[in-house]
Each structure stands twice: as C-alpha cells, then as structure tokens.
Amino acid sequence: MTDRLAFGLDTFGDVTVGLDGETLTQPEVLRNVVAQGVLADRVGVDAFGIGEHHRVDFAVSAPEVVLGAIAGATERITLGSAVTVLSSDDPVRVFQRFATLDGLSGGRAEVTLGRGSFTESFPLFGYQLSEYEDLFEEKLELFAALRSETAITWEGRKRAALVDREVYPKTASGALTTWIGVGGSPESVVRAAHYGFPMMLAIIGGSSARFRPFVDLYGRALDQMGKDRLPVGVHSPGHIADTDEQAREELWPHHQAMTTRIGRERGWAPMTRDHYENEAGPDGAIYAGSPETVARKIAATVNALGITRFDLKFSNGTLPHENMMRSIELYGTEVIPRVRELLAAEAS
C-alpha cells in the first residue's frame, strides 16, 4: 500500500490576510498560490490541486491558467483541479484546457470533475439552478466520450450535438486522468463507477470511517459493471505547524471566520471552539496539528478506508500565506515520510 499511496495538496485560492492582518489583493493571492505549488513540488508532494470559484473570497476562477504557471516552474508534481465545476462549463473546452496543460507539463495534468458546492457560476454563465442535476449528468457523459480522444458523435439536450468530431489537442498518453469529486451520496458513487473514473471523497466533517460504506459501494459497483478496481482518494482540510497547539491556534480564527461566513449563506449554526476541537481531534475531519499528529491521523484514515490517495486542503479562509508555506514544507518533509513509515510498520 505504501508504494501506491499518493499525497496531494489542495487550495481554493482563498483571499488571505498578511501577518499584519491586512487583506491581500486577489492578484497577490494568485502569485502566492503559484509559490505554494512550486514549494509543494520541491518538498516531494505528489499532486497539487486548485479549486474553481466565482466569488469575492476566492481568487481563482481559472485554475488551468494558474496551474500552467506552476507547470513552468516545476518538474515532477501532478497538477489538477479541485474541482472543475463541469455543470456550468462546456465539456469540450474543459477537455481542451486540461489537455493543453497536460502537454505543457509533460503529462502531469489531471482533472477532478464535480457539481460544485457553490452556485455562483450558474447565473454567471447563464444556467438555471433547477437543472443542477441534469446539466452535470449530461456533461459528464460528453466528457467521458471525449476522453477516448477519437472522433465522437454525441447528442444531448443541453448542448449542440457533435457529429464525427475530433477535439484537440490530444494528450501524449491518450487518456486524460480524470477523477470525480463525491460529497457522499450513493448516486454520485455509482455514477463514478459507471463512467470508470477514480473517486475523490470530500470529507469535511465527522469521522472518515463513516465513509467506508461509500468505498465499499464503489467497489461493488465496479465489480458488477465488469470494471477493474480504481483509485479512491480523500480530500479533507487541515493545517500543520511545529506543535499541536500552534497549528490549532493558527488555524482557528481563520477557519471559524470562513465557516461562519459560509454558514450564514446556508443556514448553518456558527462553529464553536468545542466543535472545532472535536473536528481537529482523532475522530474529526480537520487534520490540524504537529507532523506526528497529522501523520497518525492520515494513516488511520488510509487504514479505515483503504484509499490510495490523500489530499490535504491546506488553504483555510484568511490563513496567511506564510503559515501555509510552513504547513506545505512540513507536509512534504515530515508528514508524508512518517505516514509511509507507520503504514509499513503495520504491514510488517
């Protein structure tokens, strides 16, 4: 398991504050995200993902452009989205952009497709929220066809038909690596299996062990459809510092502000310190602490779910760039090697 286990970092390009408390501009944040990706490559992280948003508190609306900048300054790290909101985009253009990134990076591109947990892109691009499910299903079907990288004929209800059309550029491998982001509904799990895409579970609350039924469902669905077993990953938030206390104190005010702001939009109760501490504890979804604490928690998640990929969402609201850079450094140089040690010791 340790040989095939991969470790990623994800960011949404949150608009942050400096160490002086002043809010950074979105252009400054974009440049910082590039620096974060370059550092992740240097310290040995396997993958770097950037999310897509269309609102004031996030700076990245075009992840592929930022990933392209990182590609030119890195050598080995896989570069992808976390996630691409396929429902409000055109599958052909999504494929073309990531195939272009794949060519520029020497085959290091991947894309994670999802419906998105925010809805600002729908009115921005002229889509109706009432078609939320139908748009994703139809566009995912088209994207799956595009991955064959052959001439395709396709017809749907939401987009013009394609008749014996080729899409360019092609990738060197002939198949763009494509994940589906899943929030935890059985329908989404079965959909990922149906299209033969690896599944990335977004676990942002509660114990990771409670998602085991979804992993098992995915495996059974693949078996029943006659498909080979595919990778399963987990995406969860966290922050690493030299000590548990430092990590939790650095993260708390920024995480609280972010969840409170989003909670007002969605009708959630404000996050309390007790709730935060529970989530940052052994059975919660926040991987905050020293390298040893975070490594042990990741190893427990790997064992509980049998995953082959773990992505730490290291951006957390207004958490300063400097704190995130230290977190990235510790993740690559201490956490990842320690997780591999723990898993190897258990297997021996």
# chains A, B, ... in the order shown; residues from 1 in each chain; ligands from 1
>>> residues_around(residues="stretch 320-331 of chain A", least_positions_apart="4", cutoff="10 Å", atoms="only C-alpha atoms", output="VMD selection string")
chain A and resid 7 to 9 14 to 24 29 32 to 33 35 to 37 39 to 45 238 to 242 247 250 to 251 254 288 to 291 294 to 295 312 314 to 316 335 to 338
>>> residues_around(residues="A:Met200", least_positions_apart="3", cutoff="10 Å", atoms="only C-alpha atoms", output="ChimeraX atom specification")
/A:82-83,112-114,179-184,189,192,197,203,231-235,307,309-311
>>> residues_around(residues="A:Val38", least_positions_apart="4", cutoff="7 Å", atoms="only C-alpha atoms", output="ChimeraX atom specification")
/A:34,42,70,73-74
>>> closest_residue(among="A:Leu146, A:Thr272, A:Leu140, A:Arg248", to="A:Thr260", atoms="only C-alpha atoms")
A:Thr272
>>> closest_residue(among="A:Ile50, A:Ala160, A:Leu217, A:Ala145", to="A:Val85", atoms="only C-alpha atoms")
A:Ile50
>>> closest_residue(among="A:Val92, A:Thr333, A:Arg97, A:Pro253", to="A:Trp154", atoms="only C-alpha atoms")
A:Val92
>>> select_by_dssp(residues="stretch 14-245 of chain A", states="strand (DSSP E)", output="PyMOL selection string")
chain A and resi 47-50+78-81+84-85+110-114+152-154+162-165+177-182+199-202+232-240
>>> select_by_dssp(residues="stretch 86-294 of chain A", states="helix (DSSP H, G or I)", output="ChimeraX atom specification")
/A:86-88,91-104,121-124,129-146,186-195,208-224,244-266,273-279,291-294
>>> residues_around(residues="stretch 208-214 of chain A", least_positions_apart="6", cutoff="7 Å", atoms="only C-alpha atoms", output="compact mmCIF listing (two decimals) with C-alpha atoms, in the first residue's frame")
# COMPACT_ATOMS: atom_id res chain seq x y z
CA PRO A 186 -24.76 6.85 -3.12
CA VAL A 189 -20.64 6.95 -6.03
CA ALA A 285 -12.27 15.77 9.62
CA THR A 301 -7.82 7.23 7.52
CA ALA A 304 -10.12 2.79 7.70
CA LEU A 305 -10.98 3.38 4.04
>>> atom_distance(atom1="atom CA of A:Gly116", atom2="atom CA of A:Val167")
25.2 Å
>>> residues_around(residues="stretch 98-111 of chain A", least_positions_apart="3", cutoff="7 Å", atoms="only C-alpha atoms", output="list in words")
Glu64, Gly68, Ala71, Ile77, Thr78, Leu79, Gly80, Ser81, Val94, Phe95, Pro169, Lys170, Thr171, Ala172, Leu176, Thr177, Thr178 and Trp179 of chain A
>>> write_last_selection(atoms="all heavy atoms", output="tab-separated table (two decimals), in the first residue's frame")
chain	number	residue	atom	x	y	z
A	64	GLU	N	-6.83	26.38	-14.53
A	64	GLU	CA	-5.88	25.90	-15.54
A	64	GLU	C	-4.79	26.93	-15.84
A	64	GLU	O	-3.64	26.57	-16.12
A	64	GLU	CB	-6.61	25.56	-16.84
A	64	GLU	CG	-7.78	24.62	-16.68
A	64	GLU	CD	-9.09	25.35	-16.46
A	64	GLU	OE1	-9.06	26.52	-16.04
A	64	GLU	OE2	-10.14	24.76	-16.72
A	68	GLY	N	-0.94	26.26	-15.16
A	68	GLY	CA	0.04	26.42	-16.23
A	68	GLY	C	1.26	27.17	-15.76
A	68	GLY	O	2.40	26.85	-16.15
A	71	ALA	N	3.21	24.80	-13.73
A	71	ALA	CA	3.84	23.78	-14.57
A	71	ALA	C	5.19	24.26	-15.09
A	71	ALA	O	6.15	23.48	-15.16
A	71	ALA	CB	2.92	23.42	-15.74
A	77	ILE	N	5.60	17.29	-10.07
A	77	ILE	CA	4.32	17.21	-9.37
A	77	ILE	C	3.14	17.16	-10.35
A	77	ILE	O	3.15	17.82	-11.39
A	77	ILE	CB	4.18	18.40	-8.40
A	77	ILE	CG1	3.09	18.15	-7.37
A	77	ILE	CG2	3.96	19.72	-9.16
A	77	ILE	CD1	3.13	19.10	-6.19
A	78	THR	N	2.15	16.34	-10.04
A	78	THR	CA	0.91	16.27	-10.82
A	78	THR	C	0.08	17.51	-10.52
A	78	THR	O	-0.02	17.95	-9.37
A	78	THR	CB	0.12	15.01	-10.46
A	78	THR	OG1	0.89	13.86	-10.84
A	78	THR	CG2	-1.21	14.97	-11.18
A	79	LEU	N	-0.54	18.09	-11.57
A	79	LEU	CA	-1.28	19.35	-11.43
A	79	LEU	C	-2.72	19.15	-11.87
A	79	LEU	O	-2.98	18.65	-12.97
A	79	LEU	CB	-0.60	20.42	-12.28
A	79	LEU	CG	0.86	20.70	-11.93
A	79	LEU	CD1	1.51	21.57	-13.00
A	79	LEU	CD2	0.96	21.36	-10.55
A	80	GLY	N	-3.66	19.54	-11.00
A	80	GLY	CA	-5.06	19.30	-11.33
A	80	GLY	C	-6.00	20.28	-10.68
A	80	GLY	O	-5.60	21.23	-10.01
A	81	SER	N	-7.28	20.04	-10.88
A	81	SER	CA	-8.32	20.90	-10.31
A	81	SER	C	-8.92	20.25	-9.07
A	81	SER	O	-8.87	19.04	-8.90
A	81	SER	CB	-9.42	21.17	-11.33
A	81	SER	OG	-10.04	19.96	-11.73
A	94	VAL	N	-13.35	22.31	-21.38
A	94	VAL	CA	-12.65	21.76	-20.21
A	94	VAL	C	-11.60	20.76	-20.66
A	94	VAL	O	-10.44	20.81	-20.22
A	94	VAL	CB	-13.64	21.10	-19.23
A	94	VAL	CG1	-12.89	20.37	-18.12
A	94	VAL	CG2	-14.57	22.15	-18.62
A	95	PHE	N	-11.99	19.86	-21.55
A	95	PHE	CA	-11.03	18.87	-22.04
A	95	PHE	C	-9.86	19.55	-22.73
A	95	PHE	O	-8.70	19.21	-22.51
A	95	PHE	CB	-11.69	17.88	-22.99
A	95	PHE	CG	-10.73	16.84	-23.50
A	95	PHE	CD1	-10.49	15.70	-22.77
A	95	PHE	CD2	-10.02	17.05	-24.68
A	95	PHE	CE1	-9.57	14.76	-23.21
A	95	PHE	CE2	-9.11	16.12	-25.13
A	95	PHE	CZ	-8.87	14.97	-24.39
A	169	PRO	N	-6.08	19.79	-28.26
A	169	PRO	CA	-5.00	18.84	-28.58
A	169	PRO	C	-5.27	17.47	-27.96
A	169	PRO	O	-6.08	17.32	-27.04
A	169	PRO	CB	-3.77	19.48	-27.94
A	169	PRO	CG	-4.33	20.20	-26.74
A	169	PRO	CD	-5.67	20.72	-27.19
A	170	LYS	N	-4.57	16.48	-28.47
A	170	LYS	CA	-4.57	15.16	-27.87
A	170	LYS	C	-3.53	15.13	-26.74
A	170	LYS	O	-2.61	15.94	-26.71
A	170	LYS	CB	-4.21	14.09	-28.91
A	170	LYS	CG	-5.00	14.16	-30.20
A	170	LYS	CD	-6.46	13.84	-30.01
A	170	LYS	CE	-7.18	13.75	-31.36
A	170	LYS	NZ	-8.63	13.50	-31.18
A	171	THR	N	-3.69	14.21	-25.82
A	171	THR	CA	-2.66	14.03	-24.79
A	171	THR	C	-1.66	12.98	-25.25
A	171	THR	O	-1.96	12.13	-26.10
A	171	THR	CB	-3.28	13.57	-23.46
A	171	THR	OG1	-3.85	12.26	-23.63
A	171	THR	CG2	-4.36	14.53	-22.99
A	172	ALA	N	-0.47	13.03	-24.69
A	172	ALA	CA	0.57	12.07	-25.07
A	172	ALA	C	0.19	10.65	-24.67
A	172	ALA	O	0.48	9.68	-25.36
A	172	ALA	CB	1.90	12.47	-24.44
A	176	LEU	N	-6.70	11.43	-20.62
A	176	LEU	CA	-6.51	12.41	-19.56
A	176	LEU	C	-6.99	11.84	-18.23
A	176	LEU	O	-8.13	11.36	-18.11
A	176	LEU	CB	-7.30	13.68	-19.90
A	176	LEU	CG	-7.26	14.80	-18.87
A	176	LEU	CD1	-5.86	15.38	-18.75
A	176	LEU	CD2	-8.26	15.90	-19.25
A	177	THR	N	-6.13	11.86	-17.23
A	177	THR	CA	-6.52	11.38	-15.90
A	177	THR	C	-7.67	12.21	-15.36
A	177	THR	O	-7.57	13.43	-15.26
A	177	THR	CB	-5.33	11.45	-14.93
A	177	THR	OG1	-4.27	10.64	-15.44
A	177	THR	CG2	-5.73	10.95	-13.54
A	178	THR	N	-8.77	11.53	-15.02
A	178	THR	CA	-10.00	12.23	-14.63
A	178	THR	C	-10.60	11.59	-13.39
A	178	THR	O	-10.88	10.39	-13.37
A	178	THR	CB	-11.03	12.18	-15.77
A	178	THR	OG1	-10.46	12.74	-16.96
A	178	THR	CG2	-12.29	12.97	-15.40
A	179	TRP	N	-10.78	12.38	-12.35
A	179	TRP	CA	-11.45	11.96	-11.12
A	179	TRP	C	-12.84	12.58	-11.08
A	179	TRP	O	-13.11	13.59	-11.72
A	179	TRP	CB	-10.69	12.46	-9.89
A	179	TRP	CG	-9.30	11.93	-9.70
A	179	TRP	CD1	-8.19	12.24	-10.43
A	179	TRP	CD2	-8.88	11.01	-8.68
A	179	TRP	NE1	-7.09	11.58	-9.94
A	179	TRP	CE2	-7.48	10.82	-8.86
A	179	TRP	CE3	-9.52	10.36	-7.64
A	179	TRP	CZ2	-6.73	9.99	-8.04
A	179	TRP	CZ3	-8.78	9.52	-6.81
A	179	TRP	CH2	-7.40	9.34	-7.02
>>> closest_residue(among="A:Gln96, A:Ser185, A:Thr11, A:Ser130", to="A:Val60", atoms="only C-alpha atoms")
A:Thr11
>>> atom_distance(atom1="atom CA of A:Ala280", atom2="atom CA of A:Lys313")
13.7 Å
>>> closest_residue(among="A:Asp228, A:Ala151, A:Ser236, A:Ser117", to="A:Val163", atoms="only C-alpha atoms")
A:Ala151
>>> atom_distance(atom1="atom CA of A:Glu166", atom2="atom CA of A:Gly51")
28.0 Å
